[in-house]
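Enquirer: So here's target25.cif (mmCIF, C-alpha atoms).
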```
data_input
#
loop_
_atom_site.label_atom_id
_atom_site.label_comp_id
_atom_site.auth_asym_id
_atom_site.auth_seq_id
_atom_site.Cartn_x
_atom_site.Cartn_y
_atom_site.Cartn_z
CA MET A 875 0.00 0.00 0.00
CA ILE A 876 1.02 3.63 -0.18
CA ASP A 877 2.63 5.47 2.72
CA PRO A 878 -0.21 6.69 5.03
CA GLN A 879 1.90 9.72 5.95
CA ILE A 880 1.93 10.84 2.30
CA LEU A 881 -1.82 10.33 2.19
CA ARG A 882 -2.22 12.66 5.18
CA GLU A 883 0.44 15.25 4.37
CA ASN A 884 0.48 15.32 0.56
CA SER A 885 -2.87 14.03 -0.59
CA ASP A 886 -2.61 16.07 -3.81
CA ALA A 887 0.27 13.85 -4.94
CA VAL A 888 -1.97 10.81 -4.45
CA ARG A 889 -4.79 12.50 -6.37
CA GLN A 890 -2.45 13.34 -9.25
CA SER A 891 -1.27 9.74 -9.29
CA GLN A 892 -4.84 8.47 -9.47
CA LEU A 893 -5.53 10.90 -12.33
CA ALA A 894 -2.43 9.66 -14.18
CA ARG A 895 -3.69 6.12 -13.78
CA GLY A 896 -7.21 7.01 -14.90
CA ALA A 897 -8.39 5.71 -11.53
CA SER A 898 -10.86 7.04 -8.95
CA VAL A 899 -9.82 10.30 -7.26
CA GLN A 900 -12.75 9.95 -4.84
CA LEU A 901 -10.95 6.93 -3.43
CA VAL A 902 -8.30 9.30 -2.03
CA ASP A 903 -10.91 11.24 -0.05
CA ASP A 904 -12.45 7.96 1.12
CA ALA A 905 -9.03 6.80 2.31
CA ILE A 906 -8.40 10.09 4.17
CA ALA A 907 -11.78 9.82 5.91
CA ALA A 908 -11.14 6.16 6.79
CA ASP A 909 -7.70 7.06 8.15
CA GLN A 910 -9.20 9.77 10.36
CA LYS A 911 -11.87 7.39 11.64
CA ARG A 912 -9.24 4.74 12.30
CA ARG A 913 -6.98 7.10 14.25
CA THR A 914 -9.90 8.51 16.26
CA SER A 915 -11.16 5.04 17.17
CA ILE A 916 -7.67 3.91 18.17
CA GLY A 917 -7.34 6.97 20.42
CA GLU A 918 -10.70 6.33 22.07
CA PHE A 919 -9.85 2.68 22.64
CA GLU A 920 -6.44 3.47 24.14
CA THR A 921 -7.94 6.15 26.42
CA LEU A 922 -10.55 3.70 27.71
CA ARG A 923 -7.96 0.96 28.15
CA ALA A 924 -5.74 3.29 30.18
CA GLU A 925 -8.77 4.22 32.29
CA GLN A 926 -9.50 0.51 32.76
CA ASN A 927 -5.94 -0.19 33.90
CA SER A 928 -6.05 2.69 36.37
CA PHE A 929 -9.45 1.62 37.66
CA GLY A 930 -8.20 -1.93 38.10
CA LYS A 931 -5.51 -0.68 40.48
CA LYS A 932 -8.15 1.26 42.40
CA VAL A 933 -10.28 -1.87 42.78
CA ALA A 934 -7.31 -3.89 44.00
CA GLN A 935 -6.48 -1.33 46.68
CA ALA A 936 -10.08 -0.63 47.80
CA PRO A 937 -11.45 -1.82 51.16
CA SER A 938 -13.46 -5.02 50.92
CA GLU A 939 -16.78 -3.26 51.66
CA GLU A 940 -16.32 -1.06 48.55
CA LYS A 941 -15.09 -3.73 46.16
CA LYS A 942 -18.49 -5.10 45.19
CA THR A 943 -19.60 -1.72 43.86
CA LEU A 944 -16.26 -1.07 42.20
CA VAL A 945 -16.21 -4.51 40.54
CA ALA A 946 -19.62 -3.81 38.99
CA GLU A 947 -18.27 -0.51 37.63
CA ALA A 948 -15.16 -2.30 36.35
CA GLN A 949 -17.33 -4.78 34.44
CA LYS A 950 -19.22 -1.93 32.76
CA LEU A 951 -15.92 -0.29 31.86
CA SER A 952 -14.62 -3.59 30.49
CA ALA A 953 -17.66 -3.84 28.20
CA ARG A 954 -16.98 -0.30 26.93
CA VAL A 955 -13.34 -1.21 26.27
CA LYS A 956 -14.34 -4.31 24.28
CA ALA A 957 -16.84 -2.28 22.26
CA ALA A 958 -14.22 0.38 21.53
CA GLN A 959 -11.73 -2.29 20.53
CA LEU A 960 -14.24 -3.77 18.08
CA VAL A 961 -14.89 -0.34 16.55
CA SER A 962 -11.13 0.23 16.27
CA THR A 963 -10.55 -3.16 14.64
CA GLU A 964 -13.33 -2.58 12.12
CA ALA A 965 -12.04 0.90 11.32
CA GLU A 966 -8.53 -0.49 10.79
CA ALA A 967 -9.86 -3.16 8.43
CA GLU A 968 -11.91 -0.60 6.48
CA PHE A 969 -8.91 1.71 6.13
CA THR A 970 -6.72 -1.18 4.97
CA ARG A 971 -9.32 -2.18 2.40
CA ILE A 972 -9.68 1.33 0.97
CA VAL A 973 -6.02 2.35 1.00
CA GLY A 974 -5.11 -1.06 -0.44
CA SER A 975 -7.25 -0.20 -3.46
CA LEU A 976 -5.05 2.79 -4.29
CA GLY A 977 -2.34 2.16 -6.85
CA ASN A 978 1.26 3.01 -6.06
CA ILE A 979 2.03 6.73 -6.33
CA THR A 980 3.46 7.33 -9.80
CA LEU A 981 6.83 9.00 -10.09
CA ASP A 982 7.31 12.44 -11.59
CA GLY A 983 7.31 12.37 -15.37
CA VAL A 984 5.27 9.20 -15.82
CA PRO A 985 3.00 9.80 -18.85
CA VAL A 986 -0.68 10.35 -18.15
CA GLY A 987 -3.21 8.09 -19.87
CA GLY A 988 -3.76 4.51 -20.90
CA GLU A 989 -2.19 1.75 -22.98
CA ASP A 990 -1.58 3.94 -26.05
CA ASP A 991 -0.24 7.00 -24.22
CA TRP A 992 3.32 5.81 -23.62
CA GLU A 993 6.32 8.01 -24.41
CA LEU A 994 9.30 6.87 -26.47
CA VAL A 995 12.60 6.76 -24.60
CA ARG A 996 14.76 5.49 -27.49
CA GLU A 997 14.93 3.22 -30.51
CA VAL A 998 17.93 0.95 -31.03
CA GLY A 999 18.88 -0.84 -34.24
CA THR A 1000 17.31 -0.96 -37.68
CA PRO A 1001 14.17 -3.08 -38.05
CA ALA A 1002 14.82 -6.18 -40.18
CA SER A 1003 13.67 -6.07 -43.80
CA PHE A 1004 13.82 -8.83 -46.41
CA GLU A 1005 14.00 -9.23 -50.17
CA PHE A 1006 11.69 -12.23 -49.81
CA GLU A 1007 8.32 -12.80 -48.20
CA PRO A 1008 9.18 -13.46 -44.53
CA ARG A 1009 7.53 -16.30 -42.65
CA ASP A 1010 6.03 -15.75 -39.22
CA HIS A 1011 7.43 -17.54 -36.20
CA ALA A 1012 4.66 -20.17 -36.21
CA ASP A 1013 5.53 -21.23 -39.77
CA LEU A 1014 9.24 -21.10 -39.03
CA GLY A 1015 8.72 -23.18 -35.90
CA GLU A 1016 6.93 -25.83 -37.95
CA ILE A 1017 9.55 -25.87 -40.73
CA LEU A 1018 12.37 -26.14 -38.22
CA GLY A 1019 10.63 -28.81 -36.14
CA ALA A 1020 10.94 -26.33 -33.25
CA ILE A 1021 7.34 -25.54 -32.26
CA ASP A 1022 4.41 -27.97 -32.30
CA ILE A 1023 1.20 -26.04 -31.69
CA PRO A 1024 -1.38 -28.61 -32.94
CA ARG A 1025 -0.22 -31.20 -30.42
CA GLY A 1026 -0.09 -28.59 -27.66
CA VAL A 1027 -3.73 -27.80 -28.38
CA LYS A 1028 -4.58 -31.51 -28.54
CA VAL A 1029 -3.03 -32.14 -25.14
CA SER A 1030 -3.94 -28.96 -23.24
CA GLY A 1031 -6.20 -26.72 -25.33
CA SER A 1032 -5.77 -23.34 -26.99
CA ARG A 1033 -2.69 -21.22 -26.25
CA PHE A 1034 -0.56 -24.26 -25.41
CA TYR A 1035 2.33 -25.66 -27.43
CA PHE A 1036 5.35 -27.96 -27.39
CA LEU A 1037 8.86 -26.64 -27.90
CA LYS A 1038 10.66 -29.42 -29.72
CA GLY A 1039 14.19 -30.16 -30.88
CA VAL A 1040 16.02 -26.95 -31.70
CA GLY A 1041 13.09 -24.97 -30.27
CA ALA A 1042 13.63 -26.49 -26.84
CA ARG A 1043 17.38 -26.02 -27.17
CA LEU A 1044 16.94 -22.41 -28.25
CA GLU A 1045 14.80 -21.54 -25.23
CA LEU A 1046 17.14 -23.28 -22.80
CA GLY A 1047 20.13 -21.61 -24.46
CA LEU A 1048 18.47 -18.21 -24.17
CA MET A 1049 17.58 -18.76 -20.53
CA ASN A 1050 21.07 -20.00 -19.65
CA MET A 1051 22.70 -17.07 -21.40
CA ALA A 1052 20.48 -14.73 -19.40
CA LEU A 1053 21.29 -16.59 -16.18
CA ASP A 1054 25.04 -16.31 -16.80
CA ARG A 1055 24.68 -12.58 -17.36
CA ALA A 1056 22.58 -12.21 -14.20
CA ILE A 1057 25.13 -14.12 -12.11
CA ALA A 1058 27.91 -11.92 -13.50
CA GLY A 1059 25.84 -8.95 -12.33
CA ASP A 1060 25.69 -10.27 -8.75
CA TYR A 1061 22.17 -11.68 -8.95
CA ILE A 1062 21.70 -14.80 -6.83
CA PRO A 1063 19.96 -17.50 -8.89
CA LEU A 1064 16.78 -19.02 -7.49
CA ILE A 1065 14.41 -21.61 -8.89
CA THR A 1066 11.19 -20.44 -7.33
CA PRO A 1067 7.89 -22.08 -6.32
CA THR A 1068 5.10 -21.52 -8.82
CA LEU A 1069 2.32 -21.94 -6.26
CA VAL A 1070 1.99 -19.26 -3.58
CA ARG A 1071 -0.30 -18.38 -0.69
CA PRO A 1072 -3.03 -15.74 -1.13
CA GLU A 1073 -1.28 -13.24 1.16
CA ILE A 1074 1.85 -13.35 -1.02
CA MET A 1075 -0.11 -12.94 -4.26
CA ALA A 1076 -2.11 -10.08 -2.75
CA GLY A 1077 1.02 -8.52 -1.27
CA THR A 1078 2.63 -8.12 -4.68
CA GLY A 1079 -0.50 -6.45 -6.05
CA PHE A 1080 -1.63 -9.17 -8.46
CA LEU A 1081 -5.09 -9.67 -6.98
CA GLY A 1082 -6.45 -6.29 -8.02
CA GLU A 1083 -8.07 -5.36 -11.31
CA HIS A 1084 -6.21 -8.11 -13.20
CA SER A 1085 -7.00 -10.94 -10.80
CA ASP A 1086 -8.97 -12.68 -13.56
CA GLU A 1087 -5.63 -13.38 -15.25
CA VAL A 1088 -4.45 -15.52 -12.31
CA TYR A 1089 -5.03 -19.26 -11.97
CA TYR A 1090 -6.43 -20.22 -8.57
CA LEU A 1091 -6.59 -23.69 -6.98
CA PRO A 1092 -9.47 -23.45 -4.46
CA ALA A 1093 -8.95 -26.94 -3.04
CA ASP A 1094 -5.49 -25.88 -1.85
CA ASP A 1095 -6.06 -22.11 -1.49
CA LEU A 1096 -3.01 -21.48 -3.64
CA TYR A 1097 -2.33 -19.35 -6.72
CA LEU A 1098 -0.24 -20.24 -9.76
CA THR A 1099 2.23 -17.42 -10.42
CA GLY A 1100 2.33 -15.51 -13.69
CA THR A 1101 5.87 -14.38 -12.90
CA SER A 1102 8.52 -15.40 -10.39
CA GLU A 1103 8.34 -11.78 -9.19
CA VAL A 1104 5.60 -12.97 -6.84
CA ALA A 1105 7.69 -15.63 -5.13
CA LEU A 1106 10.76 -13.40 -5.16
CA ALA A 1107 8.85 -10.61 -3.42
CA GLY A 1108 7.52 -13.08 -0.87
CA TYR A 1109 10.97 -14.55 -0.25
CA HIS A 1110 11.81 -11.91 2.38
CA SER A 1111 8.30 -11.15 3.63
CA ASP A 1112 8.11 -10.34 7.36
CA GLU A 1113 11.88 -9.81 7.52
CA ILE A 1114 14.29 -7.00 8.35
CA LEU A 1115 17.04 -6.86 5.69
CA ASP A 1116 20.60 -5.60 5.91
CA LEU A 1117 21.08 -3.38 2.85
CA SER A 1118 23.91 -1.32 4.34
CA LYS A 1119 26.57 -2.74 2.02
CA ALA A 1120 24.64 -3.49 -1.17
CA PRO A 1121 21.18 -4.28 -2.52
CA LEU A 1122 19.91 -7.85 -2.41
CA ARG A 1123 19.52 -9.05 -6.00
CA TYR A 1124 17.98 -12.31 -7.20
CA ALA A 1125 17.35 -13.97 -10.55
CA GLY A 1126 14.32 -16.25 -10.40
CA TRP A 1127 13.83 -18.99 -13.00
CA SER A 1128 10.34 -20.45 -13.19
CA THR A 1129 7.52 -21.63 -15.35
CA CYS A 1130 4.76 -19.02 -15.43
CA TYR A 1131 1.00 -19.33 -15.92
CA ARG A 1132 -1.50 -16.75 -17.15
CA ARG A 1133 -5.15 -17.20 -17.97
CA GLU A 1134 -5.08 -14.43 -20.62
CA ALA A 1135 -8.76 -13.95 -19.80
CA GLY A 1136 -8.82 -10.42 -21.21
CA SER A 1137 -7.13 -11.24 -24.51
CA ALA A 1138 -9.80 -13.21 -26.37
CA GLY A 1139 -9.14 -12.96 -30.09
CA LYS A 1140 -5.69 -11.37 -29.62
CA ASP A 1141 -2.52 -13.06 -30.86
CA ASN A 1142 -4.19 -16.43 -31.28
CA ARG A 1143 -1.51 -17.56 -33.71
CA GLY A 1144 1.83 -18.77 -32.49
CA ILE A 1145 3.38 -18.38 -29.04
CA LEU A 1146 3.26 -14.64 -28.44
CA ARG A 1147 0.39 -14.86 -25.96
CA VAL A 1148 0.15 -18.23 -24.21
CA HIS A 1149 -0.97 -19.76 -20.92
CA GLN A 1150 2.38 -21.28 -19.94
CA PHE A 1151 5.95 -20.11 -20.53
CA ASN A 1152 9.37 -19.93 -18.92
CA LYS A 1153 10.97 -16.77 -17.62
CA LEU A 1154 14.06 -15.48 -15.85
CA GLU A 1155 13.14 -12.55 -13.62
CA MET A 1156 15.53 -10.14 -11.93
CA PHE A 1157 14.41 -8.83 -8.55
CA SER A 1158 16.08 -6.22 -6.34
CA TYR A 1159 15.63 -5.14 -2.72
CA VAL A 1160 17.20 -1.69 -2.29
CA LEU A 1161 17.16 1.36 -0.07
CA PRO A 1162 14.31 3.64 -1.21
CA GLU A 1163 16.68 6.47 -2.15
CA ASN A 1164 18.51 4.14 -4.56
CA ALA A 1165 15.42 2.78 -6.33
CA GLN A 1166 15.55 4.98 -9.43
CA GLU A 1167 19.25 4.22 -9.98
CA GLU A 1168 18.52 0.50 -9.62
CA HIS A 1169 15.71 0.82 -12.14
CA GLU A 1170 18.14 2.15 -14.77
CA ARG A 1171 20.50 -0.71 -13.96
CA LEU A 1172 17.79 -3.29 -14.60
CA LEU A 1173 16.91 -1.61 -17.87
CA ALA A 1174 20.55 -1.63 -18.97
CA PHE A 1175 20.78 -5.38 -18.30
CA GLN A 1176 17.69 -5.98 -20.41
CA GLU A 1177 18.93 -3.85 -23.28
CA SER A 1178 22.30 -5.61 -23.33
CA MET A 1179 20.48 -8.93 -23.57
CA LEU A 1180 18.39 -7.79 -26.55
CA GLN A 1181 21.51 -6.43 -28.21
CA ALA A 1182 23.24 -9.77 -27.68
CA CYS A 1183 20.32 -11.42 -29.48
CA GLU A 1184 20.85 -8.92 -32.33
CA LEU A 1185 17.30 -7.58 -32.12
CA SER A 1186 15.99 -4.13 -33.02
CA TYR A 1187 13.94 -2.65 -30.22
CA ARG A 1188 12.52 0.43 -28.60
CA VAL A 1189 12.19 1.44 -24.95
CA ILE A 1190 8.95 3.11 -23.87
CA ASP A 1191 7.92 4.85 -20.67
CA VAL A 1192 4.57 3.26 -19.85
CA ALA A 1193 1.63 5.56 -19.07
CA GLY A 1194 0.05 5.60 -15.62
CA GLY A 1195 -3.12 3.81 -16.67
CA ASP A 1196 -1.13 0.81 -17.94
CA LEU A 1197 1.25 0.41 -15.01
CA GLY A 1198 -0.50 -2.11 -12.81
CA SER A 1199 -1.14 -1.27 -9.18
CA SER A 1200 2.37 -1.95 -7.81
CA ALA A 1201 4.55 -0.04 -10.24
CA ALA A 1202 5.40 3.63 -9.75
CA ARG A 1203 7.15 3.59 -13.15
CA LYS A 1204 7.58 0.90 -15.77
CA TYR A 1205 9.67 0.66 -18.91
CA ASP A 1206 8.68 -1.77 -21.64
CA ILE A 1207 11.18 -2.98 -24.21
CA GLU A 1208 9.52 -3.91 -27.47
CA ALA A 1209 11.35 -5.82 -30.21
CA TRP A 1210 10.57 -5.51 -33.90
CA VAL A 1211 8.49 -8.43 -35.20
CA PRO A 1212 8.91 -8.35 -39.00
CA THR A 1213 5.74 -10.15 -40.09
CA GLN A 1214 3.62 -7.91 -37.92
CA GLY A 1215 5.43 -4.76 -39.02
CA ALA A 1216 5.34 -3.61 -35.42
CA TYR A 1217 7.20 -3.53 -32.14
CA ARG A 1218 5.91 -6.05 -29.60
CA GLU A 1219 6.73 -6.20 -25.90
CA LEU A 1220 9.39 -8.72 -24.95
CA THR A 1221 10.24 -7.52 -21.49
CA SER A 1222 9.53 -4.86 -18.90
CA THR A 1223 11.05 -3.51 -15.71
CA SER A 1224 9.14 -1.88 -12.85
CA ASN A 1225 10.09 0.30 -9.91
CA CYS A 1226 7.59 -0.60 -7.19
CA THR A 1227 9.15 1.78 -4.63
CA THR A 1228 7.96 0.71 -1.14
CA TYR A 1229 4.47 -0.42 -2.22
CA GLN A 1230 5.04 -4.18 -2.15
CA ALA A 1231 7.33 -4.03 0.88
CA ARG A 1232 4.65 -2.29 2.95
CA ARG A 1233 2.13 -4.98 2.08
CA LEU A 1234 4.61 -7.80 2.74
CA ASP A 1235 6.29 -6.17 5.77
CA ILE A 1236 9.84 -6.11 4.35
CA ARG A 1237 11.97 -3.56 6.16
CA TYR A 1238 15.49 -2.30 6.78
CA ARG A 1239 16.93 -0.63 9.86
CA THR A 1240 17.60 3.10 9.54
CA GLU A 1241 20.49 4.98 11.17
CA SER A 1242 18.17 5.90 14.02
CA GLY A 1243 17.58 2.24 14.74
CA LYS A 1244 13.97 2.33 13.59
CA THR A 1245 12.73 0.20 10.72
CA ALA A 1246 11.27 1.38 7.41
CA PRO A 1247 10.03 -0.34 4.22
CA VAL A 1248 12.57 -1.24 1.55
CA ALA A 1249 12.03 -0.61 -2.16
CA THR A 1250 11.50 -3.49 -4.59
CA LEU A 1251 12.11 -3.61 -8.34
CA ASN A 1252 11.77 -6.28 -11.00
CA GLY A 1253 12.70 -6.88 -14.62
CA THR A 1254 12.53 -9.81 -17.03
CA LEU A 1255 15.84 -10.90 -18.59
CA ALA A 1256 14.57 -13.70 -20.85
CA THR A 1257 11.32 -15.46 -21.61
CA THR A 1258 9.77 -17.84 -24.15
CA ARG A 1259 8.25 -14.89 -26.04
CA TRP A 1260 11.74 -13.83 -27.18
CA LEU A 1261 11.77 -16.78 -29.59
CA VAL A 1262 9.18 -14.96 -31.69
CA ALA A 1263 11.50 -12.05 -32.46
CA ILE A 1264 14.65 -14.16 -32.73
CA LEU A 1265 13.19 -16.59 -35.27
CA GLU A 1266 11.56 -13.91 -37.41
CA THR A 1267 14.48 -11.45 -37.34
CA HIS A 1268 17.17 -13.96 -38.26
CA GLN A 1269 15.31 -16.04 -40.86
CA GLN A 1270 16.69 -16.86 -44.30
CA PRO A 1271 14.85 -17.40 -47.62
CA ASP A 1272 14.89 -21.20 -47.26
CA GLY A 1273 13.32 -21.11 -43.80
CA SER A 1274 16.57 -21.57 -41.92
CA VAL A 1275 17.43 -19.25 -39.04
CA VAL A 1276 20.85 -17.83 -38.20
CA VAL A 1277 21.65 -18.21 -34.50
CA PRO A 1278 22.86 -14.92 -32.95
CA GLN A 1279 26.57 -15.06 -32.22
CA ALA A 1280 26.20 -14.74 -28.45
CA LEU A 1281 23.74 -17.64 -28.30
CA ARG A 1282 25.84 -20.14 -30.24
CA PRO A 1283 27.91 -21.40 -27.29
CA TYR A 1284 24.65 -22.27 -25.55
CA LEU A 1285 23.53 -24.39 -28.48
CA GLY A 1286 26.74 -26.40 -28.72
CA GLY A 1287 28.21 -24.06 -31.34
CA LEU A 1288 25.23 -24.40 -33.67
CA GLU A 1289 25.25 -21.51 -36.15
CA ILE A 1290 22.15 -22.17 -38.25
CA LEU A 1291 18.86 -23.83 -37.46
CA GLU A 1292 18.07 -25.90 -40.54
CA PRO A 1293 14.59 -26.84 -41.80
CA THR A 1294 13.53 -30.42 -41.11
CA ALA A 1295 10.49 -30.31 -43.45
#
```
With the file now loaded, output its structure as structure tokens.

Expert:
Amino acid sequence: MIDPQILRENSDAVRQSQLARGASVQLVDDAIAADQKRRTSIGEFETLRAEQNSFGKKVAQAPSEEKKTLVAEAQKLSARVKAAQLVSTEAEAEFTRIVGSLGNITLDGVPVGGEDDWELVREVGTPASFEFEPRDHADLGEILGAIDIPRGVKVSGSRFYFLKGVGARLELGLMNMALDRAIAGDYIPLITPTLVRPEIMAGTGFLGEHSDEVYYLPADDLYLTGTSEVALAGYHSDEILDLSKAPLRYAGWSTCYRREAGSAGKDNRGILRVHQFNKLEMFSYVLPENAQEEHERLLAFQESMLQACELSYRVIDVAGGDLGSSAARKYDIEAWVPTQGAYRELTSTSNCTTYQARRLDIRYRTESGKTAPVATLNGTLATTRWLVAILETHQQPDGSVVVPQALRPYLGGLEILEPTA
């Protein structure tokens, strides 16, 4: 959730953030009112409890002939204390519910608007062009014996697939190359759980407006993760971290699951938008004052990976209405997909400031000895979707695909993926 102190002392910043997100501004006023009610009820409860404690001492010291009367008064006071405690508990829950519905406060400069209102940061490389009619990645996958969509559908339904032969090798090579780069950048590798508890999923902000995208197993009260960001954020929940020397950085490798409930009719062909995929996710725990610097570091890692795959891409600053509740700023990196004549998102990186840490109670100790929430950031370094751009960008007239130089050692030195059909 957002910092309650900012809500009280700089509510205009929260209102501007809600406007940037295209979200309810009235929710800010509701949260302020709920906060006031919560604080008032806590004060009334604590005053009554102090009175009860003082009265209890009076009863204990009273002569026996007075105790009967005093005990009756103490019982009435006890009932008032319990009633005040109930009011306080309910007010706390209502405040938590309302303030938890507010998205993270966007950072200065984040574009206002929705999905189409992003701002261009930079373009890198020249989009691939061909003197022949290029094939899309689904056709290339079939020719190369790399992607088997019909059997994926037969086994599991729409938006499933098999990666086969060089397709499986290509994904594993890509993921291992990304992992090596992450390790060289001081990220600790983790293979994460893909089932998490509700409080962890909610803590990362994934049970808000996009909760219909998440798979839920009611018999076990567990959620399947759509990114290892969820497990990585939960890894240090309810802990106090030592960030005095350096940030804590992790690289989580996992299979990911998304229902894609809101994408009916979109990208039905191929493996651009699927229910199951693999991903390597970078995740950082940093001091709040270092979050923006860390965000640029994550972005630089991602760009170097796309450059190593010899892909043309652009970086965009995502508008407030397309951020998701946890992110205060997000950069998307979109690679050129030749057969679509468009840039398509391959990866993103988000600065979640202290939003997730507040919800998951992840803190560090300040110089004063008190604790405060850390900042969390995430960014994808490789995922199955990258195969789309790699296959299409590096295709040849005969349907073969040239393997990018940096990937060849991860495919046993293989330089060209040759058609099998």

Enquirer: Figure out the distance between CA of Pro1278 (chain A) and CA of Thr1257 (chain A), please, to one decimal in Å.

Expert: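 Those two atoms sit 16.2 Å apart.
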
Enquirer: Using all atoms listed in the file, pick whichever of A:Leu1069, A:Val888, A:Val1262, A:Leu960 has the shortest atom-to-atom distance to Asp1013 (chain A).

Expert: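 Answer, going by the shortest atom-to-atom distance: A:Val1262.
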
Enquirer: Restricting the calculation to all atoms listed in the file, which member of A:Tyr1061, A:Tyr1090, A:Tyr1229, A:Trp992 is positioned closest to Tyr1205 (chain A)?

Expert: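 Closest to Tyr1205 (chain A), using all atoms listed in the file: A:Trp992.
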
Enquirer: Would you work out the distance separating CA of Ile916 (chain A) from CA of Gln959 (chain A), expressed in Å to one decimal?

Expert: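 Computed distance, CA of Ile916 (chain A) to CA of Gln959 (chain A), equals 7.8 Å.
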
Enquirer: Quick check on the file I pasted: which residues fall under the PyMOL selection byres ((chain A and resi 905) around 12)? Write them as a PDB file with C-alpha atoms, in the coordinates of the input.

Expert:
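So expr.pdb came out as:
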```pdb
ATOM      1  CA  MET A 875       0.000   0.000   0.000  1.00  0.00           C
ATOM      2  CA  ILE A 876       1.020   3.630  -0.180  1.00  0.00           C
ATOM      3  CA  ASP A 877       2.630   5.470   2.720  1.00  0.00           C
ATOM      4  CA  PRO A 878      -0.210   6.690   5.030  1.00  0.00           C
ATOM      5  CA  GLN A 879       1.900   9.720   5.950  1.00  0.00           C
ATOM      6  CA  ILE A 880       1.930  10.840   2.300  1.00  0.00           C
ATOM      7  CA  LEU A 881      -1.820  10.330   2.190  1.00  0.00           C
ATOM      8  CA  ARG A 882      -2.220  12.660   5.180  1.00  0.00           C
ATOM      9  CA  SER A 885      -2.870  14.030  -0.590  1.00  0.00           C
ATOM     10  CA  VAL A 888      -1.970  10.810  -4.450  1.00  0.00           C
ATOM     11  CA  ARG A 889      -4.790  12.500  -6.370  1.00  0.00           C
ATOM     12  CA  SER A 898     -10.860   7.040  -8.950  1.00  0.00           C
ATOM     13  CA  VAL A 899      -9.820  10.300  -7.260  1.00  0.00           C
ATOM     14  CA  GLN A 900     -12.750   9.950  -4.840  1.00  0.00           C
ATOM     15  CA  LEU A 901     -10.950   6.930  -3.430  1.00  0.00           C
ATOM     16  CA  VAL A 902      -8.300   9.300  -2.030  1.00  0.00           C
ATOM     17  CA  ASP A 903     -10.910  11.240  -0.050  1.00  0.00           C
ATOM     18  CA  ASP A 904     -12.450   7.960   1.120  1.00  0.00           C
ATOM     19  CA  ILE A 906      -8.400  10.090   4.170  1.00  0.00           C
ATOM     20  CA  ALA A 907     -11.780   9.820   5.910  1.00  0.00           C
ATOM     21  CA  ALA A 908     -11.140   6.160   6.790  1.00  0.00           C
ATOM     22  CA  ASP A 909      -7.700   7.060   8.150  1.00  0.00           C
ATOM     23  CA  GLN A 910      -9.200   9.770  10.360  1.00  0.00           C
ATOM     24  CA  LYS A 911     -11.870   7.390  11.640  1.00  0.00           C
ATOM     25  CA  ARG A 912      -9.240   4.740  12.300  1.00  0.00           C
ATOM     26  CA  ALA A 965     -12.040   0.900  11.320  1.00  0.00           C
ATOM     27  CA  GLU A 966      -8.530  -0.490  10.790  1.00  0.00           C
ATOM     28  CA  ALA A 967      -9.860  -3.160   8.430  1.00  0.00           C
ATOM     29  CA  GLU A 968     -11.910  -0.600   6.480  1.00  0.00           C
ATOM     30  CA  PHE A 969      -8.910   1.710   6.130  1.00  0.00           C
ATOM     31  CA  THR A 970      -6.720  -1.180   4.970  1.00  0.00           C
ATOM     32  CA  ARG A 971      -9.320  -2.180   2.400  1.00  0.00           C
ATOM     33  CA  ILE A 972      -9.680   1.330   0.970  1.00  0.00           C
ATOM     34  CA  VAL A 973      -6.020   2.350   1.000  1.00  0.00           C
ATOM     35  CA  GLY A 974      -5.110  -1.060  -0.440  1.00  0.00           C
ATOM     36  CA  SER A 975      -7.250  -0.200  -3.460  1.00  0.00           C
ATOM     37  CA  LEU A 976      -5.050   2.790  -4.290  1.00  0.00           C
TER      38      LEU A 976
END
```

Enquirer: Grab the CA of Ala936 (chain A) to CA of Ala948 (chain A) distance for me, in Å with one decimal place.

Expert: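 Between CA of Ala936 (chain A) and CA of Ala948 (chain A) the gap is 12.6 Å.
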
Enquirer: Excluding Asp982 (chain A) and any residue of its chain fewer than 6 positions from it, enumerate the residues within 10 Å of it, using all atoms listed in the file, and give them as a VMD selection string.

Expert: chain A and resid 887 891 1202 to 1203

Enquirer: Pick the closest to Leu1161 (chain A) from A:Gly1108, A:Gly1079, A:Pro1121, A:Gly1195: which is it, counting only C-alpha atoms?

Expert: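 Nearest candidate to Leu1161 (chain A) out of A:Gly1108, A:Gly1079, A:Pro1121, A:Gly1195: A:Pro1121.
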
Enquirer: When you count only C-alpha atoms, which of these residues is closest to Gly1198 (chain A): A:Ser1102, A:Gln892, A:Asn884, A:Thr1066?

Expert: A:Gln892

Enquirer: Evaluating the PyMOL selection byres ((chain A and resi 1223) around 9) on the displayed file yields which residues, as an MDAnalysis selection string?

Expert: chainID A and resid 1156 1169 1172:1173 1176 1203:1207 1221:1222 1224:1225 1251:1254

Enquirer: Keeping C-alpha atoms for every residue in the selection just given, could you write it to a file as a CSV table (one decimal), in the frame of the given file?

Expert:
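Resulting contents of out_20.csv:
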```csv
chain,number,residue,atom,x,y,z
A,1156,MET,CA,15.5,-10.1,-11.9
A,1169,HIS,CA,15.7,0.8,-12.1
A,1172,LEU,CA,17.8,-3.3,-14.6
A,1173,LEU,CA,16.9,-1.6,-17.9
A,1176,GLN,CA,17.7,-6.0,-20.4
A,1203,ARG,CA,7.2,3.6,-13.2
A,1204,LYS,CA,7.6,0.9,-15.8
A,1205,TYR,CA,9.7,0.7,-18.9
A,1206,ASP,CA,8.7,-1.8,-21.6
A,1207,ILE,CA,11.2,-3.0,-24.2
A,1221,THR,CA,10.2,-7.5,-21.5
A,1222,SER,CA,9.5,-4.9,-18.9
A,1224,SER,CA,9.1,-1.9,-12.8
A,1225,ASN,CA,10.1,0.3,-9.9
A,1251,LEU,CA,12.1,-3.6,-8.3
A,1252,ASN,CA,11.8,-6.3,-11.0
A,1253,GLY,CA,12.7,-6.9,-14.6
A,1254,THR,CA,12.5,-9.8,-17.0
```
